[in-house]
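This is input24.pdb. It holds PDB, C-alpha atoms.
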```
ATOM      1  CA  MET A   1     -49.706-125.746 -21.593
ATOM      2  CA  ILE A   2     -47.915-123.469 -24.017
ATOM      3  CA  GLY A   3     -49.683-124.917 -27.032
ATOM      4  CA  ASN A   4     -53.004-123.599 -25.788
ATOM      5  CA  MET A   5     -52.248-119.956 -26.520
ATOM      6  CA  LEU A   6     -53.663-119.931 -30.055
ATOM      7  CA  GLU A   7     -56.746-121.675 -28.768
ATOM      8  CA  TYR A   8     -57.160-119.053 -26.024
ATOM      9  CA  TYR A   9     -56.582-116.268 -28.509
ATOM     10  CA  ASN A  10     -59.121-117.599 -30.983
ATOM     11  CA  MET A  11     -61.641-118.095 -28.247
ATOM     12  CA  THR A  12     -61.295-114.490 -27.053
ATOM     13  CA  LYS A  13     -61.572-113.273 -30.645
ATOM     14  CA  LYS A  14     -64.675-115.325 -31.301
ATOM     15  CA  ASN A  15     -66.319-113.884 -28.194
ATOM     16  CA  ASN A  16     -65.249-110.286 -28.895
ATOM     17  CA  VAL A  17     -63.249-110.151 -25.685
ATOM     18  CA  GLU A  18     -61.471-106.856 -25.089
ATOM     19  CA  ILE A  19     -60.035-107.510 -21.672
ATOM     20  CA  ILE A  20     -59.714-110.664 -19.676
ATOM     21  CA  TYR A  21     -58.180-110.727 -16.246
ATOM     22  CA  THR A  22     -57.777-113.493 -13.766
ATOM     23  CA  GLY A  23     -55.650-114.100 -10.710
ATOM     24  CA  ALA A  24     -55.038-111.876  -7.737
ATOM     25  CA  LEU A  25     -57.530-109.089  -7.120
ATOM     26  CA  TRP A  26     -56.525-106.235  -4.851
ATOM     27  CA  ALA A  27     -57.303-102.549  -4.652
ATOM     28  CA  GLY A  28     -54.182-101.387  -6.510
ATOM     29  CA  GLY A  29     -54.739-103.959  -9.220
ATOM     30  CA  ILE A  30     -58.210-102.556  -9.885
ATOM     31  CA  GLU A  31     -56.623 -99.156 -10.437
ATOM     32  CA  GLY A  32     -54.129-100.542 -12.948
ATOM     33  CA  LEU A  33     -56.664-102.554 -14.900
ATOM     34  CA  GLY A  34     -59.051 -99.608 -14.706
ATOM     35  CA  SER A  35     -56.638 -97.272 -16.450
ATOM     36  CA  THR A  36     -56.047 -99.847 -19.181
ATOM     37  CA  LEU A  37     -59.795-100.117 -19.627
ATOM     38  CA  ARG A  38     -60.182 -96.331 -19.794
ATOM     39  CA  ARG A  39     -57.450 -96.055 -22.434
ATOM     40  CA  GLN A  40     -59.114 -98.734 -24.508
ATOM     41  CA  MET A  41     -62.429 -96.859 -24.435
ATOM     42  CA  GLU A  42     -60.618 -93.689 -25.488
ATOM     43  CA  PHE A  43     -59.318 -95.556 -28.536
ATOM     44  CA  GLU A  44     -62.903 -96.453 -29.370
ATOM     45  CA  GLU A  45     -63.977 -92.823 -28.917
ATOM     46  CA  LEU A  46     -66.779 -93.671 -26.540
ATOM     47  CA  SER A  47     -68.791 -90.766 -25.126
ATOM     48  CA  LEU A  48     -68.028 -89.794 -21.523
ATOM     49  CA  SER A  49     -71.353 -91.046 -20.245
ATOM     50  CA  ALA A  50     -70.965 -94.436 -21.983
ATOM     51  CA  SER A  51     -67.397 -94.922 -20.786
ATOM     52  CA  GLN A  52     -68.320 -93.837 -17.243
ATOM     53  CA  SER A  53     -71.073 -96.449 -17.212
ATOM     54  CA  VAL A  54     -68.712 -99.213 -18.314
ATOM     55  CA  PHE A  55     -66.085 -98.051 -15.833
ATOM     56  CA  SER A  56     -68.584 -97.890 -12.992
ATOM     57  CA  VAL A  57     -69.842-101.430 -13.635
ATOM     58  CA  PHE A  58     -66.232-102.613 -13.822
ATOM     59  CA  VAL A  59     -65.346-101.029 -10.451
ATOM     60  CA  GLU A  60     -68.434-102.344  -8.664
ATOM     61  CA  LEU A  61     -67.999-105.871 -10.048
ATOM     62  CA  MET A  62     -64.343-105.871  -8.991
ATOM     63  CA  ASN A  63     -65.164-104.537  -5.516
ATOM     64  CA  ASN A  64     -67.884-107.169  -5.172
ATOM     65  CA  MET A  65     -65.416-109.904  -6.034
ATOM     66  CA  LEU A  66     -62.838-108.502  -3.615
ATOM     67  CA  MET A  67     -65.408-108.639  -0.861
ATOM     68  CA  TYR A  68     -67.261-111.827  -1.593
ATOM     69  CA  SER A  69     -64.840-114.177  -3.283
ATOM     70  CA  VAL A  70     -64.081-116.970  -0.842
ATOM     71  CA  GLU A  71     -60.833-117.769  -2.606
ATOM     72  CA  LYS A  72     -58.311-115.690  -0.747
ATOM     73  CA  MET A  73     -54.599-115.642  -1.407
ATOM     74  CA  ASP A  74     -52.328-115.794   1.556
ATOM     75  CA  ILE A  75     -49.778-113.095   0.875
ATOM     76  CA  GLU A  76     -47.852-111.648   3.771
ATOM     77  CA  GLY A  77     -48.666-108.018   4.415
ATOM     78  CA  HIS A  78     -51.544-108.065   1.938
ATOM     79  CA  PRO A  79     -54.706-109.270   3.620
ATOM     80  CA  GLY A  80     -57.828-109.709   1.568
ATOM     81  CA  VAL A  81     -56.278-110.477  -1.801
ATOM     82  CA  SER A  82     -58.982-112.447  -3.601
ATOM     83  CA  LYS A  83     -59.280-114.530  -6.723
ATOM     84  CA  GLY A  84     -61.752-114.179  -9.530
ATOM     85  CA  VAL A  85     -62.107-113.580 -13.237
ATOM     86  CA  PHE A  86     -63.256-110.500 -15.131
ATOM     87  CA  VAL A  87     -64.099-110.343 -18.830
ATOM     88  CA  LEU A  88     -65.117-107.348 -20.881
ATOM     89  CA  ALA A  89     -66.444-108.001 -24.366
ATOM     90  CA  SER A  90     -67.800-105.508 -26.844
ATOM     91  CA  LYS A  91     -69.578-105.442 -30.144
ATOM     92  CA  GLN A  92     -70.378-102.203 -31.944
ATOM     93  CA  LYS A  93     -70.015-100.123 -28.783
ATOM     94  CA  VAL A  94     -72.282-102.388 -26.752
ATOM     95  CA  TYR A  95     -70.351-103.751 -23.791
ATOM     96  CA  PHE A  96     -70.734-106.933 -21.801
ATOM     97  CA  ALA A  97     -68.999-106.921 -18.439
ATOM     98  CA  GLN A  98     -68.777-110.252 -16.671
ATOM     99  CA  SER A  99     -67.340-111.351 -13.393
ATOM    100  CA  GLY A 100     -66.896-114.790 -11.903
ATOM    101  CA  ASN A 101     -65.881-115.889  -8.454
ATOM    102  CA  MET A 102     -66.316-118.659  -5.950
ATOM    103  CA  MET A 103     -68.780-117.988  -3.161
ATOM    104  CA  LYS A 104     -70.362-119.806  -0.237
ATOM    105  CA  THR A 105     -73.404-121.815  -1.346
ATOM    106  CA  GLU A 106     -75.297-120.675   1.757
ATOM    107  CA  ASN A 107     -75.316-117.097   0.380
ATOM    108  CA  VAL A 108     -76.639-117.976  -3.077
ATOM    109  CA  GLU A 109     -80.321-117.465  -2.305
ATOM    110  CA  LEU A 110     -79.630-114.071  -0.737
ATOM    111  CA  VAL A 111     -77.675-112.792  -3.753
ATOM    112  CA  LYS A 112     -80.182-114.278  -6.216
ATOM    113  CA  GLY A 113     -83.025-112.609  -4.339
ATOM    114  CA  ARG A 114     -81.252-109.251  -4.426
ATOM    115  CA  ILE A 115     -80.599-109.424  -8.162
ATOM    116  CA  ASP A 116     -84.139-110.657  -8.937
ATOM    117  CA  TYR A 117     -85.548-107.715  -7.019
ATOM    118  CA  LEU A 118     -83.320-105.216  -8.848
ATOM    119  CA  ASN A 119     -84.294-106.796 -12.175
ATOM    120  CA  SER A 120     -87.960-106.193 -11.350
ATOM    121  CA  LEU A 121     -87.458-102.435 -10.959
ATOM    122  CA  ASP A 122     -87.490 -99.784 -13.688
ATOM    123  CA  LYS A 123     -85.099 -96.802 -13.818
ATOM    124  CA  GLN A 124     -87.152 -94.675 -11.438
ATOM    125  CA  GLY A 125     -87.629 -97.593  -9.077
ATOM    126  CA  LEU A 126     -83.888 -98.245  -9.017
ATOM    127  CA  ARG A 127     -83.144 -94.601  -8.286
ATOM    128  CA  LYS A 128     -85.626 -94.647  -5.425
ATOM    129  CA  PHE A 129     -84.305 -97.909  -4.015
ATOM    130  CA  TYR A 130     -80.717 -96.603  -4.233
ATOM    131  CA  LYS A 131     -81.684 -93.550  -2.234
ATOM    132  CA  GLU A 132     -83.359 -95.694   0.395
ATOM    133  CA  LYS A 133     -80.334 -97.952   0.717
ATOM    134  CA  ILE A 134     -77.742 -95.212   0.791
ATOM    135  CA  ARG A 135     -79.467 -93.640   3.798
ATOM    136  CA  GLN A 136     -79.541 -96.897   5.701
ATOM    137  CA  LYS A 137     -76.994 -97.385   8.461
ATOM    138  CA  ASP A 138     -74.742-100.387   7.862
ATOM    139  CA  GLU A 139     -76.253-103.372   9.601
ATOM    140  CA  ASN A 140     -73.012-105.247   9.748
ATOM    141  CA  GLU A 141     -69.408-104.521   8.905
ATOM    142  CA  GLY A 142     -69.240-107.546   6.634
ATOM    143  CA  SER A 143     -71.434-105.870   4.050
ATOM    144  CA  LYS A 144     -69.414-102.712   3.505
ATOM    145  CA  GLY A 145     -71.367-101.393   0.573
ATOM    146  CA  ALA A 146     -74.745-102.573   1.907
ATOM    147  CA  GLY A 147     -75.555-103.963  -1.529
ATOM    148  CA  LEU A 148     -75.269-100.508  -3.079
ATOM    149  CA  GLY A 149     -72.782-101.823  -5.645
ATOM    150  CA  LEU A 150     -75.351-104.118  -7.225
ATOM    151  CA  ILE A 151     -77.903-101.301  -7.425
ATOM    152  CA  GLU A 152     -75.315 -99.071  -9.087
ATOM    153  CA  ILE A 153     -74.628-101.865 -11.595
ATOM    154  CA  ALA A 154     -78.352-102.229 -12.320
ATOM    155  CA  LYS A 155     -78.667 -98.469 -12.809
ATOM    156  CA  ARG A 156     -75.956 -98.473 -15.495
ATOM    157  CA  SER A 157     -77.565-101.228 -17.553
ATOM    158  CA  ASN A 158     -80.740-101.072 -19.589
ATOM    159  CA  GLU A 159     -81.292-104.779 -19.311
ATOM    160  CA  PRO A 160     -81.714-107.234 -16.455
ATOM    161  CA  ILE A 161     -78.547-108.474 -14.786
ATOM    162  CA  ILE A 162     -77.903-112.034 -15.931
ATOM    163  CA  TYR A 163     -76.544-114.501 -13.413
ATOM    164  CA  GLU A 164     -75.549-118.107 -13.183
ATOM    165  CA  PHE A 165     -74.735-120.143 -10.108
ATOM    166  CA  THR A 166     -72.780-123.331 -10.679
ATOM    167  CA  PRO A 167     -72.392-125.636  -7.668
ATOM    168  CA  CYS A 168     -68.778-126.693  -7.099
ATOM    169  CA  GLY A 169     -68.694-129.312  -4.398
ATOM    170  CA  GLU A 170     -70.677-129.241  -1.215
ATOM    171  CA  ASP A 171     -70.235-125.728   0.159
ATOM    172  CA  LEU A 172     -69.044-123.679  -2.792
ATOM    173  CA  THR A 173     -70.753-122.183  -5.811
ATOM    174  CA  PHE A 174     -69.243-120.361  -8.761
ATOM    175  CA  MET A 175     -71.151-117.151  -9.419
ATOM    176  CA  THR A 176     -71.196-115.504 -12.839
ATOM    177  CA  ILE A 177     -72.668-112.049 -13.341
ATOM    178  CA  CYS A 178     -73.149-110.545 -16.781
ATOM    179  CA  VAL A 179     -74.106-106.927 -17.368
ATOM    180  CA  LYS A 180     -74.929-105.373 -20.731
ATOM    181  CA  ILE A 181     -74.103-101.697 -21.120
ATOM    182  CA  GLY A 182     -75.063 -99.457 -24.019
TER
ATOM    183  CA  MET B   1     -54.716 -74.330  15.806
ATOM    184  CA  ALA B   2     -57.080 -74.321  12.868
ATOM    185  CA  PHE B   3     -57.265 -77.673  11.120
ATOM    186  CA  TYR B   4     -55.461 -77.937   7.805
ATOM    187  CA  LEU B   5     -55.284 -81.008   5.604
ATOM    188  CA  GLU B   6     -53.945 -81.589   2.145
ATOM    189  CA  LYS B   7     -53.931 -84.905   0.318
ATOM    190  CA  GLU B   8     -52.555 -85.364  -3.177
ATOM    191  CA  LYS B   9     -54.584 -87.489  -5.553
ATOM    192  CA  THR B  10     -53.603 -91.053  -6.365
ATOM    193  CA  GLY B  11     -54.960 -93.416  -9.016
ATOM    194  CA  SER B  12     -58.100 -94.184  -7.042
ATOM    195  CA  THR B  13     -58.287 -91.517  -4.346
ATOM    196  CA  PRO B  14     -59.124 -87.824  -4.789
ATOM    197  CA  LYS B  15     -57.255 -84.644  -4.009
ATOM    198  CA  VAL B  16     -58.428 -83.164  -0.731
ATOM    199  CA  LEU B  17     -57.966 -79.766   0.844
ATOM    200  CA  ILE B  18     -59.433 -78.656   4.141
ATOM    201  CA  ASP B  19     -58.508 -75.190   5.340
ATOM    202  CA  GLU B  20     -60.457 -74.520   8.506
ATOM    203  CA  ALA B  21     -59.071 -70.979   8.879
ATOM    204  CA  LYS B  22     -60.438 -70.077   5.453
ATOM    205  CA  LYS B  23     -63.636 -72.086   6.039
ATOM    206  CA  TYR B  24     -63.012 -73.973   2.859
ATOM    207  CA  MET B  25     -62.919 -77.581   1.810
ATOM    208  CA  LYS B  26     -62.452 -79.100  -1.617
ATOM    209  CA  ILE B  27     -62.484 -82.669  -2.880
ATOM    210  CA  GLU B  28     -61.658 -83.282  -6.510
ATOM    211  CA  GLY B  29     -60.881 -86.149  -8.829
ATOM    212  CA  GLU B  30     -61.872 -89.771  -8.528
ATOM    213  CA  SER B  31     -62.601 -92.056  -5.630
ATOM    214  CA  TYR B  32     -62.961 -95.793  -6.011
ATOM    215  CA  HIS B  33     -60.441 -97.308  -3.676
ATOM    216  CA  GLU B  34     -61.735-100.500  -2.119
ATOM    217  CA  ASN B  35     -61.210 -99.090   1.336
ATOM    218  CA  VAL B  36     -62.572 -95.556   1.060
ATOM    219  CA  ILE B  37     -63.635 -95.508   4.702
ATOM    220  CA  GLU B  38     -59.996 -95.620   5.727
ATOM    221  CA  PHE B  39     -59.065 -92.880   3.242
ATOM    222  CA  PHE B  40     -61.787 -90.527   4.484
ATOM    223  CA  LYS B  41     -61.303 -91.334   8.153
ATOM    224  CA  ASP B  42     -59.464 -88.155   9.231
ATOM    225  CA  ILE B  43     -61.875 -86.031   7.198
ATOM    226  CA  SER B  44     -64.939 -87.685   8.751
ATOM    227  CA  THR B  45     -63.453 -87.368  12.237
ATOM    228  CA  TRP B  46     -62.739 -83.666  11.738
ATOM    229  CA  LEU B  47     -66.257 -83.140  10.422
ATOM    230  CA  GLU B  48     -67.873 -84.868  13.358
ATOM    231  CA  GLN B  49     -65.759 -83.247  16.036
ATOM    232  CA  HIS B  50     -64.931 -79.763  14.782
ATOM    233  CA  PHE B  51     -67.112 -78.774  11.857
ATOM    234  CA  GLU B  52     -70.044 -77.498  13.870
ATOM    235  CA  ALA B  53     -67.896 -74.889  15.654
ATOM    236  CA  VAL B  54     -66.590 -73.372  12.402
ATOM    237  CA  CYS B  55     -69.420 -74.083   9.966
ATOM    238  CA  ASP B  56     -70.933 -70.603   9.678
ATOM    239  CA  GLY B  57     -69.841 -69.289   6.276
ATOM    240  CA  PHE B  58     -68.192 -72.571   5.325
ATOM    241  CA  VAL B  59     -67.884 -73.528   1.650
ATOM    242  CA  PHE B  60     -67.418 -77.114   0.457
ATOM    243  CA  GLU B  61     -66.572 -77.599  -3.196
ATOM    244  CA  CYS B  62     -67.022 -81.100  -4.528
ATOM    245  CA  GLU B  63     -65.603 -81.526  -8.015
ATOM    246  CA  MET B  64     -65.489 -85.253  -8.533
ATOM    247  CA  THR B  65     -65.367 -86.867 -11.948
ATOM    248  CA  TYR B  66     -66.147 -90.375 -10.726
ATOM    249  CA  PHE B  67     -66.772 -92.160  -7.452
ATOM    250  CA  ASN B  68     -67.937 -95.634  -6.543
ATOM    251  CA  SER B  69     -70.958 -96.610  -4.459
ATOM    252  CA  SER B  70     -69.084 -96.827  -1.134
ATOM    253  CA  THR B  71     -67.743 -93.303  -1.683
ATOM    254  CA  ALA B  72     -71.269 -92.111  -2.504
ATOM    255  CA  LYS B  73     -72.485 -93.372   0.852
ATOM    256  CA  LEU B  74     -69.627 -91.631   2.631
ATOM    257  CA  LEU B  75     -70.126 -88.363   0.781
ATOM    258  CA  LEU B  76     -73.828 -88.344   1.566
ATOM    259  CA  ASN B  77     -73.097 -88.943   5.250
ATOM    260  CA  MET B  78     -70.690 -86.004   5.230
ATOM    261  CA  LEU B  79     -73.280 -83.795   3.539
ATOM    262  CA  LEU B  80     -76.007 -84.875   5.983
ATOM    263  CA  HIS B  81     -73.776 -83.914   8.885
ATOM    264  CA  MET B  82     -73.115 -80.524   7.302
ATOM    265  CA  ASP B  83     -76.854 -80.174   6.792
ATOM    266  CA  ASP B  84     -77.521 -80.882  10.477
ATOM    267  CA  CYS B  85     -75.030 -78.156  11.399
ATOM    268  CA  ALA B  86     -76.688 -75.747   8.973
ATOM    269  CA  ALA B  87     -80.006 -76.487  10.680
ATOM    270  CA  LEU B  88     -78.740 -74.526  13.684
ATOM    271  CA  GLY B  89     -79.088 -71.353  11.638
ATOM    272  CA  LYS B  90     -75.586 -71.472  10.174
ATOM    273  CA  ASN B  91     -74.721 -70.626   6.618
ATOM    274  CA  VAL B  92     -73.136 -73.624   4.871
ATOM    275  CA  THR B  93     -72.647 -73.782   1.099
ATOM    276  CA  VAL B  94     -71.956 -76.825  -1.043
ATOM    277  CA  ASN B  95     -70.940 -76.394  -4.665
ATOM    278  CA  TRP B  96     -71.380 -79.643  -6.593
ATOM    279  CA  ILE B  97     -69.240 -78.987  -9.649
ATOM    280  CA  THR B  98     -69.308 -81.129 -12.779
ATOM    281  CA  SER B  99     -69.172 -81.031 -16.554
ATOM    282  CA  GLU B 100     -72.386 -81.159 -18.549
ATOM    283  CA  ASP B 101     -71.630 -84.553 -20.083
ATOM    284  CA  ASN B 102     -71.036 -86.298 -16.755
ATOM    285  CA  ASP B 103     -74.531 -87.789 -16.352
ATOM    286  CA  ILE B 104     -73.690 -89.984 -13.380
ATOM    287  CA  ILE B 105     -72.316 -87.128 -11.260
ATOM    288  CA  ILE B 106     -75.203 -84.827 -12.221
ATOM    289  CA  GLU B 107     -77.799 -87.471 -11.320
ATOM    290  CA  CYS B 108     -76.054 -88.118  -8.021
ATOM    291  CA  GLY B 109     -75.948 -84.385  -7.243
ATOM    292  CA  GLU B 110     -79.688 -84.144  -7.894
ATOM    293  CA  ASP B 111     -80.393 -87.137  -5.659
ATOM    294  CA  PHE B 112     -78.251 -85.752  -2.848
ATOM    295  CA  GLU B 113     -79.816 -82.312  -3.086
ATOM    296  CA  GLU B 114     -83.227 -83.843  -2.340
ATOM    297  CA  GLU B 115     -81.874 -85.244   0.906
ATOM    298  CA  LEU B 116     -80.584 -81.888   2.147
ATOM    299  CA  SER B 117     -82.850 -79.212   3.498
ATOM    300  CA  ASN B 118     -80.790 -76.626   5.368
ATOM    301  CA  LEU B 119     -77.538 -75.933   3.582
ATOM    302  CA  THR B 120     -77.256 -74.108   0.273
ATOM    303  CA  PHE B 121     -76.643 -76.672  -2.458
ATOM    304  CA  ASN B 122     -75.526 -75.391  -5.852
ATOM    305  CA  LEU B 123     -75.324 -77.758  -8.782
ATOM    306  CA  VAL B 124     -72.670 -76.067 -10.913
ATOM    307  CA  ILE B 125     -72.572 -77.493 -14.439
ATOM    308  CA  ASN B 126     -69.696 -76.262 -16.593
TER
END
```
Take the structure in the file and give it back as structure tokens.
Amino acid sequence: MIGNMLEYYNMTKKNNVEIIYTGALWAGGIEGLGSTLRRQMEFEELSLSASQSVFSVFVELMNNMLMYSVEKMDIEGHPGVSKGVFVLASKQKVYFAQSGNMMKTENVELVKGRIDYLNSLDKQGLRKFYKEKIRQKDENEGSKGAGLGLIEIAKRSNEPIIYEFTPCGEDLTFMTICVKIG
Amino acid sequence: MAFYLEKEKTGSTPKVLIDEAKKYMKIEGESYHENVIEFFKDISTWLEQHFEAVCDGFVFECEMTYFNSSTAKLLLNMLLHMDDCAALGKNVTVNWITSEDNDIIIECGEDFEEELSNLTFNLVIN
């Protein structure tokens, strides 16, 4: 176990990883990691609009994982603590934000369809779609953000959202989302 | 008793002030807590139940530096309710305050303004 550290370190270096986080995800944890992320972008002297974009994608990816990860941790007094992994890599002020979490296979087509649709829209189209969605009444409580988070993510990136769905057993699929910013 | 509410900001929730007697409300800072609905609950309830009665001459200042998509939905709902009240011939003002380099907040202010037709919406860029 302990001998792997150099290997991990070299791997993160090779992939230009700035931040990697895995384990428990909860609202307060997002705050903590968020302020670390902000500080790091300050060190790199990123413009406000660039750092806001990275931060926004980070928050929406984390909130998505909190909501949709099927791996929940059973901690007394803390319902809804989820598991997932978040990686932020950067090269010459271009950022790659990635999230990974386990989801129900039955929802894969729905999520894929949503992302494919967003990827087909241009900036104006996204802005219009966002406005349509934000005015919609929530159809069910289970979808708190009504898919707004994904639209916000798409708005902050100039390139299509990349995804990968890896089946893990019969009912579960590991979902990876990668967003390029800047 | 006129409604009065003050909330100090935390890492992911904004500072809030509602002073019904002064017909003034201000929200400032950041909002990206996972459960924003819970955070804004008493504000939304007050708006729905009491705002209409006091809305003439009311000023809402929104000076947020960042908010997530769930907060955006909530804010728009609040503004739409204010707009409905203003439709009854009442004078309601919203000042959307931001810095000139905060593109996301400016864009959002522009989008929201298009949805509102009765209240006075000022995009204040410092």
Problem - Spatial neighbours of segment 112-122 of chain B, max dist 9 Å, only C-alpha atoms, sep filter under 4 positions, as a ChimeraX atom specification - result: /A:131 /B:76,79-80,82-97,107-108
Please write the residues from the selection above to a file, keeping C-alpha atoms, as an mmCIF file, in the frame of the given file.
```
data_model
loop_
_atom_site.group_PDB
_atom_site.id
_atom_site.type_symbol
_atom_site.label_atom_id
_atom_site.label_comp_id
_atom_site.auth_asym_id
_atom_site.auth_seq_id
_atom_site.Cartn_x
_atom_site.Cartn_y
_atom_site.Cartn_z
ATOM 1 C CA LYS A 131 -81.684 -93.550 -2.234
ATOM 2 C CA LEU B 76 -73.828 -88.344 1.566
ATOM 3 C CA LEU B 79 -73.280 -83.795 3.539
ATOM 4 C CA LEU B 80 -76.007 -84.875 5.983
ATOM 5 C CA MET B 82 -73.115 -80.524 7.302
ATOM 6 C CA ASP B 83 -76.854 -80.174 6.792
ATOM 7 C CA ASP B 84 -77.521 -80.882 10.477
ATOM 8 C CA CYS B 85 -75.030 -78.156 11.399
ATOM 9 C CA ALA B 86 -76.688 -75.747 8.973
ATOM 10 C CA ALA B 87 -80.006 -76.487 10.680
ATOM 11 C CA LEU B 88 -78.740 -74.526 13.684
ATOM 12 C CA GLY B 89 -79.088 -71.353 11.638
ATOM 13 C CA LYS B 90 -75.586 -71.472 10.174
ATOM 14 C CA ASN B 91 -74.721 -70.626 6.618
ATOM 15 C CA VAL B 92 -73.136 -73.624 4.871
ATOM 16 C CA THR B 93 -72.647 -73.782 1.099
ATOM 17 C CA VAL B 94 -71.956 -76.825 -1.043
ATOM 18 C CA ASN B 95 -70.940 -76.394 -4.665
ATOM 19 C CA TRP B 96 -71.380 -79.643 -6.593
ATOM 20 C CA ILE B 97 -69.240 -78.987 -9.649
ATOM 21 C CA GLU B 107 -77.799 -87.471 -11.320
ATOM 22 C CA CYS B 108 -76.054 -88.118 -8.021
#
```
Practice task
With a distance threshold of 8 Å and counting only C-alpha atoms, extract the residues of chain B near chain A and express them as an MDAnalysis selection string.
Solution key: chainID B and resid 11:12 32:35 66 68:70 72:73 76 101:104 111
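Interatomic distance, atom CA of Ser99 of chain A to atom CA of Asn4 of chain A: 22.6 Å.
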Exercise for the section: Provide the atom CA of Leu74 of chain B to atom CA of Ile106 of chain B distance in Å, to one decimal place. Expected result: 17.3 Å
Practice task
Enter the distance from atom CA of Ser69 of chain A to atom CA of Thr176 of chain A, in Å, rounded to one decimal.
Solution key: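 Spanning atom CA of Ser69 of chain A to atom CA of Thr176 of chain A is a straight-line distance of 11.6 Å.
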Exercise for the section: With only C-alpha atoms counted, which protein, DNA or RNA residues have an atom no more than 6 Å from (-72.8, -80.5, -14.0) in the file frame? Please answer as a VMD selection string. Expected result: chain B and resid 97 to 100 106 124 to 126
Completion exercise
Closest of B:Asp19, B:Glu48, B:Glu30, B:Glu110 to Tyr4 of chain B, counting all atoms listed in the file, is B:Asp19
Exercise for the section: To verify the selection step, state as a PyMOL selection string which residues the PyMOL selection byres ((chain A and resi 83) around 12) yields on this input. Expected result: chain A and resi 21-26+29+62-74+80-82+84-86+99-103+174
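The nearest approach to Lys112 of chain A among the residues A:Met41, A:Ile75, A:Ile162, A:Val87, with only C-alpha atoms taken into account, belongs to A:Ile162.
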Exercise for the section: Would you list the contacts of Leu17 of chain B as a ChimeraX atom specification, taking every protein, DNA or RNA residue within 10 Å and counting only C-alpha atoms, but skipping same-chain residues closer than 2 positions in sequence? Expected result: /B:4-8,14-15,19-20,24-28,43,60-61
Based on the selection just made, write C-alpha atoms of those residues as a PDB file, in the frame of the given file.
```pdb
ATOM      1  CA  TYR B   4     -55.461 -77.937   7.805  1.00  0.00           C
ATOM      2  CA  LEU B   5     -55.284 -81.008   5.604  1.00  0.00           C
ATOM      3  CA  GLU B   6     -53.945 -81.589   2.145  1.00  0.00           C
ATOM      4  CA  LYS B   7     -53.931 -84.905   0.318  1.00  0.00           C
ATOM      5  CA  GLU B   8     -52.555 -85.364  -3.177  1.00  0.00           C
ATOM      6  CA  PRO B  14     -59.124 -87.824  -4.789  1.00  0.00           C
ATOM      7  CA  LYS B  15     -57.255 -84.644  -4.009  1.00  0.00           C
ATOM      8  CA  ASP B  19     -58.508 -75.190   5.340  1.00  0.00           C
ATOM      9  CA  GLU B  20     -60.457 -74.520   8.506  1.00  0.00           C
ATOM     10  CA  TYR B  24     -63.012 -73.973   2.859  1.00  0.00           C
ATOM     11  CA  MET B  25     -62.919 -77.581   1.810  1.00  0.00           C
ATOM     12  CA  LYS B  26     -62.452 -79.100  -1.617  1.00  0.00           C
ATOM     13  CA  ILE B  27     -62.484 -82.669  -2.880  1.00  0.00           C
ATOM     14  CA  GLU B  28     -61.658 -83.282  -6.510  1.00  0.00           C
ATOM     15  CA  ILE B  43     -61.875 -86.031   7.198  1.00  0.00           C
ATOM     16  CA  PHE B  60     -67.418 -77.114   0.457  1.00  0.00           C
ATOM     17  CA  GLU B  61     -66.572 -77.599  -3.196  1.00  0.00           C
TER      18      GLU B  61
END
```
Handout entry: Nearest to Phe51 of chain B by atom-to-atom distance, counting all atoms listed in the file, from B:Gly109, B:Gly29, B:Val36, B:Lys23
Key =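 Closest to Phe51 of chain B of all the choices is B:Lys23.
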